[in-house]
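As structure tokens, the structure follows; a few thoughts come after it.
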Amino acid sequence: MELIVTLSCADRPGIVNALTGTIFNSGGNIIENQQFTDPLTNTFVMRTGFEITKNIEEVKLEISKCLAQFNADFQIRENTKKKRALVLVTKEAHCLHDLLYLEEIGELDIDIVAVASNREDLSNETEGHDTNFYFLPINDENSKLNSEIKMREIIESEKIDFIILARYMQILSSEFCKEFSGRIINIHHSFLPGFKGAKPYHQAYERGVKLIGATAHFVTSDLDEGPIIEQDVENVTHSCLPEELVAIGRDIERRVLSRAVQNYAQDRIFIVGNRTVVFKK
């Protein structure tokens, strides 16, 4: 059995030795270890993957005891237990398609158990997948409130671990963002805040941009300003028409979002202040 331990605490001597020593004394074999101390906050973060043959609950108890002296915030997870995801969409399908496909072929370590949308355009996209589709229409502030109430019901009934905004074109309330802080991942084009509103790629074309990209980040009550998880860019030239920029942008968005989701699924992301630490595989 393989376990993953992730921890965060104030940096001080002895943390690594305490954890790795406890794993060794429990008969464990460390197969991956990464650590980092954030110079801005003096926060120490660490991710350790190890194999164990001993009783799992006993090992968890020993690790809990050894980390107590450091006041560490930590989690221990069995690597085979995939995180359950709720995907929110509107009408653009490229990110949803990519997530479902990567999950299907085993390249994304999550279970997409539910897809919800404020439109019915993508209701057929989940056919062939073990995924429930929920239509949550939004016409005014009252229906928006009801939509989030229903989202909470889905999260509880489907035992959702985290939420993916796959080009979901609705703004979540501050209360919802705070309630699920660190558990909502969003994707948007990298033109923000320069080109806001409708048709950002057309605006970029008119300004002659030479570089486009996408950003995946955690959602906070500050729109599109949460801690950044993953980014990518691609050079373009004056010859690219707006439609070509849109196509390139879609491709970057789906890649960036899937990478961010995979890192989250594997417990490789730590929120430290307004930034993230991401341990690449």
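Just remember, in the structure tokens the first chain shown is A, the second B, etc., residues are 1-based per chain, and ligands are 1-based in the order shown.
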Surrounding residues of region 69-85 of chain A excluding itself and chain neighbours under 4 positions, 10 Å, only C-alpha atoms, as an mmCIF file with N, CA and C atoms, in the first residue's frame:
```cif
data_model
loop_
_atom_site.group_PDB
_atom_site.id
_atom_site.type_symbol
_atom_site.label_atom_id
_atom_site.label_comp_id
_atom_site.auth_asym_id
_atom_site.auth_seq_id
_atom_site.Cartn_x
_atom_site.Cartn_y
_atom_site.Cartn_z
ATOM 1 N N MET A 1 0.841 -1.192 0.000
ATOM 2 C CA MET A 1 0.000 0.000 0.000
ATOM 3 C C MET A 1 0.879 1.246 0.000
ATOM 4 N N GLU A 2 0.506 2.215 -0.845
ATOM 5 C CA GLU A 2 1.256 3.468 -0.902
ATOM 6 C C GLU A 2 0.448 4.584 -0.254
ATOM 7 N N LEU A 3 1.099 5.316 0.619
ATOM 8 C CA LEU A 3 0.482 6.457 1.294
ATOM 9 C C LEU A 3 1.184 7.739 0.887
ATOM 10 N N ILE A 4 0.463 8.850 0.962
ATOM 11 C CA ILE A 4 1.036 10.166 0.698
ATOM 12 C C ILE A 4 0.783 11.046 1.920
ATOM 13 N N VAL A 5 1.854 11.613 2.447
ATOM 14 C CA VAL A 5 1.750 12.552 3.559
ATOM 15 C C VAL A 5 2.080 13.942 3.046
ATOM 16 N N THR A 6 1.214 14.897 3.329
ATOM 17 C CA THR A 6 1.506 16.294 3.007
ATOM 18 C C THR A 6 1.417 17.096 4.293
ATOM 19 N N LEU A 7 2.332 18.022 4.474
ATOM 20 C CA LEU A 7 2.310 18.798 5.704
ATOM 21 C C LEU A 7 2.740 20.238 5.449
ATOM 22 N N SER A 8 2.279 21.104 6.336
ATOM 23 C CA SER A 8 2.611 22.528 6.276
ATOM 24 C C SER A 8 2.731 23.037 7.704
ATOM 25 N N CYS A 9 3.820 23.772 7.975
ATOM 26 C CA CYS A 9 4.016 24.332 9.311
ATOM 27 C C CYS A 9 5.121 25.383 9.255
ATOM 28 N N ALA A 10 5.330 26.068 10.359
ATOM 29 C CA ALA A 10 6.444 27.009 10.439
ATOM 30 C C ALA A 10 7.747 26.226 10.374
ATOM 31 N N ASP A 11 8.710 26.757 9.622
ATOM 32 C CA ASP A 11 9.968 26.045 9.437
ATOM 33 C C ASP A 11 10.789 26.037 10.725
ATOM 34 N N ARG A 12 11.358 24.887 11.026
ATOM 35 C CA ARG A 12 12.264 24.730 12.170
ATOM 36 C C ARG A 12 13.046 23.441 11.972
ATOM 37 N N PRO A 13 14.182 23.301 12.632
ATOM 38 C CA PRO A 13 14.987 22.093 12.448
ATOM 39 C C PRO A 13 14.262 20.840 12.934
ATOM 40 N N GLY A 14 14.525 19.738 12.245
ATOM 41 C CA GLY A 14 14.083 18.433 12.726
ATOM 42 C C GLY A 14 12.822 17.870 12.111
ATOM 43 N N ILE A 15 12.136 18.658 11.267
ATOM 44 C CA ILE A 15 10.853 18.191 10.722
ATOM 45 C C ILE A 15 11.064 16.990 9.801
ATOM 46 N N ALA A 18 12.169 13.885 11.657
ATOM 47 C CA ALA A 18 11.108 13.283 12.465
ATOM 48 C C ALA A 18 10.166 12.446 11.604
ATOM 49 N N PHE A 44 7.099 25.954 5.949
ATOM 50 C CA PHE A 44 7.712 24.743 5.427
ATOM 51 C C PHE A 44 6.611 23.819 4.923
ATOM 52 N N VAL A 45 6.765 23.325 3.684
ATOM 53 C CA VAL A 45 5.802 22.368 3.129
ATOM 54 C C VAL A 45 6.567 21.142 2.653
ATOM 55 N N MET A 46 5.898 19.994 2.711
ATOM 56 C CA MET A 46 6.572 18.744 2.367
ATOM 57 C C MET A 46 5.550 17.732 1.874
ATOM 58 N N ARG A 47 5.941 16.975 0.873
ATOM 59 C CA ARG A 47 5.120 15.888 0.342
ATOM 60 C C ARG A 47 5.975 14.633 0.292
ATOM 61 N N THR A 48 5.504 13.575 0.944
ATOM 62 C CA THR A 48 6.263 12.328 1.019
ATOM 63 C C THR A 48 5.372 11.157 0.619
ATOM 64 N N GLY A 49 5.814 10.408 -0.369
ATOM 65 C CA GLY A 49 5.125 9.186 -0.765
ATOM 66 C C GLY A 49 5.922 7.981 -0.305
ATOM 67 N N PHE A 50 5.253 7.012 0.305
ATOM 68 C CA PHE A 50 5.980 5.845 0.797
ATOM 69 C C PHE A 50 5.108 4.598 0.757
ATOM 70 N N GLU A 51 5.767 3.468 0.693
ATOM 71 C CA GLU A 51 5.107 2.163 0.701
ATOM 72 C C GLU A 51 5.143 1.587 2.107
ATOM 73 N N ILE A 56 -2.232 0.227 8.366
ATOM 74 C CA ILE A 56 -2.260 1.631 7.955
ATOM 75 C C ILE A 56 -2.642 2.551 9.107
ATOM 76 N N VAL A 59 0.245 3.217 11.395
ATOM 77 C CA VAL A 59 1.224 4.131 10.799
ATOM 78 C C VAL A 59 0.711 5.572 10.863
ATOM 79 N N LYS A 60 -0.554 5.772 10.550
ATOM 80 C CA LYS A 60 -1.141 7.117 10.612
ATOM 81 C C LYS A 60 -1.036 7.680 12.030
ATOM 82 N N ILE A 63 2.593 8.744 12.754
ATOM 83 C CA ILE A 63 2.934 9.987 12.052
ATOM 84 C C ILE A 63 2.265 11.174 12.733
ATOM 85 N N SER A 64 1.031 10.993 13.142
ATOM 86 C CA SER A 64 0.317 12.053 13.844
ATOM 87 C C SER A 64 1.049 12.453 15.125
ATOM 88 N N LYS A 65 1.549 11.473 15.853
ATOM 89 C CA LYS A 65 2.281 11.750 17.095
ATOM 90 C C LYS A 65 3.572 12.514 16.809
ATOM 91 N N LEU A 108 -5.667 10.872 -15.752
ATOM 92 C CA LEU A 108 -6.079 11.873 -14.778
ATOM 93 C C LEU A 108 -6.595 11.133 -13.552
ATOM 94 N N ASP A 109 -5.932 11.328 -12.421
ATOM 95 C CA ASP A 109 -6.209 10.526 -11.222
ATOM 96 C C ASP A 109 -7.368 11.083 -10.401
ATOM 97 N N ILE A 110 -8.528 11.240 -11.037
ATOM 98 C CA ILE A 110 -9.714 11.719 -10.341
ATOM 99 C C ILE A 110 -10.924 10.912 -10.799
ATOM 100 N N ASP A 111 -12.000 11.030 -10.036
ATOM 101 C CA ASP A 111 -13.295 10.508 -10.445
ATOM 102 C C ASP A 111 -14.225 11.698 -10.676
ATOM 103 N N ILE A 112 -14.593 11.928 -11.932
ATOM 104 C CA ILE A 112 -15.562 12.986 -12.228
ATOM 105 C C ILE A 112 -16.942 12.361 -12.036
ATOM 106 N N VAL A 113 -17.524 12.602 -10.898
ATOM 107 C CA VAL A 113 -18.789 11.935 -10.554
ATOM 108 C C VAL A 113 -20.000 12.796 -10.887
ATOM 109 N N ALA A 114 -19.792 14.100 -11.149
ATOM 110 C CA ALA A 114 -20.921 14.965 -11.453
ATOM 111 C C ALA A 114 -20.485 16.156 -12.301
ATOM 112 N N VAL A 115 -21.358 16.541 -13.225
ATOM 113 C CA VAL A 115 -21.183 17.752 -14.025
ATOM 114 C C VAL A 115 -22.447 18.585 -13.840
ATOM 115 N N ILE A 155 -22.656 18.395 -3.704
ATOM 116 C CA ILE A 155 -21.354 18.162 -3.077
ATOM 117 C C ILE A 155 -21.491 17.177 -1.922
ATOM 118 N N GLU A 158 -22.883 13.548 -3.432
ATOM 119 C CA GLU A 158 -21.899 12.863 -4.279
ATOM 120 C C GLU A 158 -20.535 12.723 -3.603
ATOM 121 N N LYS A 159 -20.447 13.226 -2.350
ATOM 122 C CA LYS A 159 -19.184 13.162 -1.592
ATOM 123 C C LYS A 159 -18.040 13.783 -2.389
ATOM 124 N N ILE A 160 -18.270 15.008 -2.848
ATOM 125 C CA ILE A 160 -17.306 15.723 -3.689
ATOM 126 C C ILE A 160 -16.129 16.227 -2.860
ATOM 127 N N ASP A 161 -14.917 16.023 -3.383
ATOM 128 C CA ASP A 161 -13.705 16.518 -2.726
ATOM 129 C C ASP A 161 -13.302 17.906 -3.222
ATOM 130 N N PHE A 162 -13.498 18.161 -4.528
ATOM 131 C CA PHE A 162 -13.142 19.479 -5.056
ATOM 132 C C PHE A 162 -13.959 19.787 -6.304
ATOM 133 N N ILE A 163 -13.903 21.058 -6.718
ATOM 134 C CA ILE A 163 -14.742 21.574 -7.801
ATOM 135 C C ILE A 163 -13.857 22.135 -8.897
ATOM 136 N N ILE A 164 -14.203 21.838 -10.150
ATOM 137 C CA ILE A 164 -13.453 22.335 -11.300
ATOM 138 C C ILE A 164 -14.364 23.244 -12.121
ATOM 139 N N ARG A 183 -10.495 24.543 -2.636
ATOM 140 C CA ARG A 183 -11.089 23.336 -3.240
ATOM 141 C C ARG A 183 -11.771 23.635 -4.577
ATOM 142 N N ILE A 184 -11.591 24.852 -5.097
ATOM 143 C CA ILE A 184 -12.196 25.222 -6.379
ATOM 144 C C ILE A 184 -11.081 25.686 -7.317
ATOM 145 N N VAL A 261 -5.400 20.250 -12.400
ATOM 146 C CA VAL A 261 -6.250 19.246 -11.757
ATOM 147 C C VAL A 261 -5.440 18.021 -11.353
ATOM 148 N N TYR A 264 -3.421 18.742 -8.300
ATOM 149 C CA TYR A 264 -4.294 18.742 -7.118
ATOM 150 C C TYR A 264 -4.651 17.319 -6.722
ATOM 151 N N ALA A 265 -4.965 16.499 -7.725
ATOM 152 C CA ALA A 265 -5.356 15.113 -7.465
ATOM 153 C C ALA A 265 -4.251 14.333 -6.771
ATOM 154 N N GLN A 266 -3.009 14.681 -7.054
ATOM 155 C CA GLN A 266 -1.865 13.974 -6.476
ATOM 156 C C GLN A 266 -1.292 14.680 -5.244
ATOM 157 N N ASP A 267 -2.030 15.639 -4.693
ATOM 158 C CA ASP A 267 -1.611 16.346 -3.470
ATOM 159 C C ASP A 267 -0.270 17.056 -3.641
#
```
- prompt: Residues of region 4-157 of chain A in strand (DSSP E) according to DSSP, as a ChimeraX atom specification?
  reply: /A:4-10,29-38,43-51,73-78,83-89,110-117,132-135
- request: Please measure the separation of CA of Val87 (chain A) and CA of Gly273 (chain A), giving the value in Å to one decimal.
  value: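 According to the coordinates, CA of Val87 (chain A) and CA of Gly273 (chain A) are separated by 25.9 Å.
For the choices A:Ala216, A:Leu99, A:Ile171, A:Leu88, the atom-to-atom distance to His189 (chain A) is smallest for A:Ala216 when using only C-alpha atoms.
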- request: Find the residues near Glu175 (chain A): any atom within 12 Å, counting only C-alpha atoms, skip ones fewer than 5 places away on the same chain, and give them as a list in words.
  value: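 The residues satisfying every condition are Leu145, Glu148, Ile149, Arg152, Phe180, Ser181, Val219, Thr220, Ser221 and Asp222 of chain A.
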Interatomic distance (Å, one decimal) between CA of Arg275 (chain A) and CA of Arg255 (chain A): 20.8 Å
- prompt: Which residue out of A:Val209, A:Leu257, A:Ile30, A:Val16 has the minimum interatomic distance to Leu102 (chain A) when only C-alpha atoms are used?
  reply: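 Of all the options, A:Leu257 lies closest to Leu102 (chain A).
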- prompt: Using only C-alpha atoms, which residue out of A:Cys66, A:Ile212, A:Leu86, A:Ile105 lies closest to Pro242 (chain A)?
  reply: A:Ile212
- prompt: Using only C-alpha atoms, which of A:Phe195, A:Gln170, A:Glu57, A:Asp98 sits nearest Asp140 (chain A)?
  reply: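 With only C-alpha atoms as the atom set, the closest residue is A:Gln170.
Rounded to one decimal, CA of Leu172 (chain A) and CA of Asp224 (chain A) lie 11.2 Å from each other.
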field: Which of A:Arg119, A:Lys91, A:Lys199, A:His188 sits closest to Leu223 (chain A) [using only C-alpha atoms]
entry: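 Of A:Arg119, A:Lys91, A:Lys199, A:His188, the one nearest Leu223 (chain A), counting only C-alpha atoms, is A:His188.
Nearest-residue note for Thr237 (chain A): choosing from A:Thr215, A:Ala260, A:Ala204, A:Arg167, the minimum distance belongs to A:Ala204, counting only C-alpha atoms.
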- request: Just the residues within 10 Å of Lys281 (chain A), please, counting only C-alpha atoms, with nothing from its chain fewer than 5 positions along; format it as a ChimeraX atom specification.
  value: /A:32,34,263,266,268
Since we have the selection now, will you write its residues out, keeping N, CA and C atoms, as a compact mmCIF listing (two decimals), in the first residue's frame?
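Result saved to part.txt:
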```txt
# COMPACT_ATOMS: atom_id res chain seq x y z
N GLU A 32 9.23 8.80 -2.78
CA GLU A 32 9.27 10.16 -3.32
C GLU A 32 9.21 11.15 -2.17
N GLN A 34 9.58 15.57 -1.49
CA GLN A 34 9.88 16.93 -1.92
C GLN A 34 9.54 17.89 -0.78
N ASN A 263 -2.23 17.86 -10.65
CA ASN A 263 -1.39 18.21 -9.51
C ASN A 263 -2.20 18.23 -8.22
N GLN A 266 -3.01 14.68 -7.05
CA GLN A 266 -1.86 13.97 -6.48
C GLN A 266 -1.29 14.68 -5.24
N ARG A 268 -0.08 17.68 -4.80
CA ARG A 268 1.19 18.35 -5.08
C ARG A 268 1.12 19.86 -4.92
```
- prompt: Can you list, as a PyMOL selection string, every residue of region 1-192 of chain A that DSSP puts in alpha helix (DSSP H)?
  reply: chain A and resi 15-25+56-68+94-104+141-157+174-179
- request: Excluding Gly27 (chain A) and any residue of its chain fewer than 6 positions from it, enumerate the residues within 8 Å of it, using only C-alpha atoms, and give them as a list in words.
  value: Ile52, Thr53 and Lys54 of chain A
